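Enquirer: One structure, as structure tokens, below. Some questions next.
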Amino acid sequence: MLECTSCGWKGREEETAKVYVCPDCGTGHLKLFRLLKRRDGRLQCPKCTWIGLPEEALKEPECPKCGNPYLKEVTATV
């Protein structure tokens, strides 16, 4: 189970929003610096020169409630 360090949301990794992240410089979590989708179907990083297919980019989880990329693993207590 994951917990958001910002808003306290708790849930499974399947419930998180997945965003594309540049494999070269790590850009992609900030809303102003998301990877750009080009007309040819490839992704382009707004910070570095990386251009590639969506399969080549990293997909990382974010909180579905607030968009925070910092999620921590918590153990379920009974």
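By order of appearance in the structure tokens: chains A, B, ..., then residues from 1 within every chain, and ligands from 1 in the order shown.
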Give me the residues within 6 Å of Gln44 (chain A) as a list in words, counting only C-alpha atoms and dropping any in the same chain fewer than 2 places off.

Expert: Leu35, Leu36 and Ile51 of chain A

Enquirer: Got a sec: who's within 9 Å of region 15-30 of chain A, counting only C-alpha atoms, leaving out chain neighbours fewer than 5 positions off, as a PyMOL selection string?

Expert: chain A and resi 35+43-51+54+56-65+67-69

Enquirer: I'd like the interatomic distance between CA of Ser6 (chain A) and CA of Glu55 (chain A), to a tenth of an Å.

Expert: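 Interatomic distance, CA of Ser6 (chain A) to CA of Glu55 (chain A): 29.2 Å.
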
Enquirer: Taking only chain A into account, list the residues labelled strand (DSSP E or B) by DSSP (computed from the backbone), as number ranges by chain.

Expert: A: 2-4, 10-11, 17-21, 36-37, 43-44, 51-52, 58-62, 71-73

Enquirer: Can you pull out the residues contacting Met1 (chain A)? Cut-off 10 Å, using only C-alpha atoms, and skip same-chain residues under 2 positions away; I want them as a tab-separated table (two decimals) with all heavy atoms, in the first residue's frame.

Expert:
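Result written to around14.tsv:
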```tsv
chain	number	residue	atom	x	y	z
A	3	GLU	N	1.28	5.60	0.40
A	3	GLU	CA	0.71	6.79	1.04
A	3	GLU	C	1.40	8.03	0.49
A	3	GLU	O	2.62	8.07	0.36
A	3	GLU	CB	0.89	6.73	2.55
A	3	GLU	CG	0.31	7.92	3.27
A	3	GLU	CD	0.48	7.84	4.77
A	3	GLU	OE1	1.05	6.86	5.29
A	3	GLU	OE2	0.06	8.79	5.45
A	10	LYS	N	-4.12	7.28	0.55
A	10	LYS	CA	-3.61	5.92	0.67
A	10	LYS	C	-4.30	5.05	-0.38
A	10	LYS	O	-5.50	5.19	-0.62
A	10	LYS	CB	-3.90	5.34	2.05
A	10	LYS	CG	-3.07	5.97	3.14
A	10	LYS	CD	-3.35	5.32	4.48
A	10	LYS	CE	-2.56	6.02	5.56
A	10	LYS	NZ	-2.82	5.47	6.89
A	11	GLY	N	-3.52	4.18	-1.00
A	11	GLY	CA	-4.09	3.27	-1.99
A	11	GLY	C	-3.03	2.36	-2.58
A	11	GLY	O	-1.87	2.40	-2.20
A	12	ARG	N	-3.47	1.55	-3.53
A	12	ARG	CA	-2.58	0.61	-4.20
A	12	ARG	C	-1.90	1.29	-5.38
A	12	ARG	O	-2.36	2.30	-5.89
A	12	ARG	CB	-3.36	-0.61	-4.67
A	12	ARG	CG	-3.98	-1.40	-3.52
A	12	ARG	CD	-4.64	-2.68	-4.00
A	12	ARG	NE	-5.43	-2.53	-5.20
A	12	ARG	CZ	-6.74	-2.24	-5.23
A	12	ARG	NH1	-7.39	-2.05	-4.10
A	12	ARG	NH2	-7.38	-2.15	-6.37
A	13	GLU	N	-0.80	0.71	-5.84
A	13	GLU	CA	-0.06	1.29	-6.96
A	13	GLU	C	-0.90	1.32	-8.24
A	13	GLU	O	-0.75	2.21	-9.07
A	13	GLU	CB	1.24	0.54	-7.20
A	13	GLU	CG	2.10	1.21	-8.25
A	13	GLU	CD	3.52	0.75	-8.28
A	13	GLU	OE1	3.94	-0.03	-7.40
A	13	GLU	OE2	4.24	1.18	-9.20
A	14	GLU	N	-1.82	0.39	-8.38
A	14	GLU	CA	-2.69	0.37	-9.57
A	14	GLU	C	-3.60	1.59	-9.62
A	14	GLU	O	-4.10	1.98	-10.67
A	14	GLU	CB	-3.56	-0.90	-9.58
A	14	GLU	CG	-2.78	-2.19	-9.66
A	14	GLU	CD	-2.32	-2.67	-8.28
A	14	GLU	OE1	-3.06	-2.52	-7.29
A	14	GLU	OE2	-1.19	-3.18	-8.19
A	71	LEU	N	5.63	9.21	-2.94
A	71	LEU	CA	4.76	8.23	-2.30
A	71	LEU	C	5.63	7.29	-1.49
A	71	LEU	O	6.69	6.89	-1.93
A	71	LEU	CB	3.98	7.45	-3.36
A	71	LEU	CG	3.15	8.28	-4.33
A	71	LEU	CD1	2.58	7.39	-5.42
A	71	LEU	CD2	2.05	9.02	-3.62
A	72	LYS	N	5.16	6.95	-0.31
A	72	LYS	CA	5.94	6.02	0.53
A	72	LYS	C	5.16	4.74	0.72
A	72	LYS	O	3.93	4.72	0.71
A	72	LYS	CB	6.31	6.65	1.86
A	72	LYS	CG	5.13	6.97	2.75
A	72	LYS	CD	5.60	7.61	4.05
A	72	LYS	CE	4.41	7.96	4.92
A	72	LYS	NZ	4.81	8.56	6.18
A	73	GLU	N	5.89	3.67	0.87
A	73	GLU	CA	5.31	2.35	1.10
A	73	GLU	C	4.93	2.24	2.56
A	73	GLU	O	5.74	2.54	3.45
A	73	GLU	CB	6.34	1.28	0.74
A	73	GLU	CG	5.81	-0.12	0.75
A	73	GLU	CD	4.98	-0.46	-0.48
A	73	GLU	OE1	5.26	0.07	-1.55
A	73	GLU	OE2	4.05	-1.24	-0.34
A	74	VAL	N	3.69	1.87	2.84
A	74	VAL	CA	3.24	1.67	4.23
A	74	VAL	C	2.72	0.25	4.36
A	74	VAL	O	2.22	-0.35	3.42
A	74	VAL	CB	2.14	2.69	4.62
A	74	VAL	CG1	2.70	4.09	4.66
A	74	VAL	CG2	0.94	2.62	3.72
A	75	THR	N	2.85	-0.27	5.57
A	75	THR	CA	2.33	-1.61	5.83
A	75	THR	C	0.90	-1.49	6.34
A	75	THR	O	0.58	-0.58	7.10
A	75	THR	CB	3.20	-2.34	6.88
A	75	THR	OG1	3.25	-1.54	8.06
A	75	THR	CG2	4.60	-2.55	6.37
A	76	ALA	N	0.08	-2.40	5.91
A	76	ALA	CA	-1.32	-2.39	6.33
A	76	ALA	C	-1.41	-2.94	7.75
A	76	ALA	O	-0.91	-4.01	8.05
A	76	ALA	CB	-2.16	-3.22	5.38
```

Enquirer: If you run DSSP on the backbone, which residues of chain A are helix (DSSP H, G or I), as a ChimeraX atom specification?

Expert: /A:13-15,31-33,54-56

Enquirer: May I have the selected residues written with N, CA, C and O atoms, as an mmCIF file, in the first residue's frame?

Expert:
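So part_38.cif came out as:
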```
data_model
loop_
_atom_site.group_PDB
_atom_site.id
_atom_site.type_symbol
_atom_site.label_atom_id
_atom_site.label_comp_id
_atom_site.auth_asym_id
_atom_site.auth_seq_id
_atom_site.Cartn_x
_atom_site.Cartn_y
_atom_site.Cartn_z
ATOM 1 N N GLU A 13 -0.801 0.712 -5.837
ATOM 2 C CA GLU A 13 -0.060 1.293 -6.958
ATOM 3 C C GLU A 13 -0.901 1.325 -8.236
ATOM 4 O O GLU A 13 -0.746 2.209 -9.071
ATOM 5 N N GLU A 14 -1.822 0.391 -8.385
ATOM 6 C CA GLU A 14 -2.694 0.374 -9.566
ATOM 7 C C GLU A 14 -3.604 1.595 -9.617
ATOM 8 O O GLU A 14 -4.095 1.975 -10.673
ATOM 9 N N GLU A 15 -3.869 2.216 -8.477
ATOM 10 C CA GLU A 15 -4.749 3.377 -8.402
ATOM 11 C C GLU A 15 -4.024 4.695 -8.670
ATOM 12 O O GLU A 15 -4.657 5.727 -8.827
ATOM 13 N N LYS A 31 3.947 19.779 -13.459
ATOM 14 C CA LYS A 31 2.935 20.005 -14.487
ATOM 15 C C LYS A 31 3.410 20.961 -15.583
ATOM 16 O O LYS A 31 3.020 20.839 -16.726
ATOM 17 N N LEU A 32 4.283 21.906 -15.253
ATOM 18 C CA LEU A 32 4.801 22.836 -16.252
ATOM 19 C C LEU A 32 5.857 22.195 -17.150
ATOM 20 O O LEU A 32 6.159 22.709 -18.217
ATOM 21 N N PHE A 33 6.431 21.088 -16.705
ATOM 22 C CA PHE A 33 7.495 20.431 -17.463
ATOM 23 C C PHE A 33 7.180 18.972 -17.744
ATOM 24 O O PHE A 33 8.013 18.099 -17.558
ATOM 25 N N PRO A 54 7.054 6.493 -26.643
ATOM 26 C CA PRO A 54 6.530 6.360 -25.272
ATOM 27 C C PRO A 54 7.057 5.130 -24.538
ATOM 28 O O PRO A 54 7.221 5.155 -23.322
ATOM 29 N N GLU A 55 7.356 4.048 -25.279
ATOM 30 C CA GLU A 55 7.887 2.847 -24.637
ATOM 31 C C GLU A 55 9.285 3.069 -24.067
ATOM 32 O O GLU A 55 9.721 2.354 -23.169
ATOM 33 N N GLU A 56 10.018 4.050 -24.602
ATOM 34 C CA GLU A 56 11.375 4.327 -24.142
ATOM 35 C C GLU A 56 11.396 5.216 -22.901
ATOM 36 O O GLU A 56 12.387 5.248 -22.177
#
```
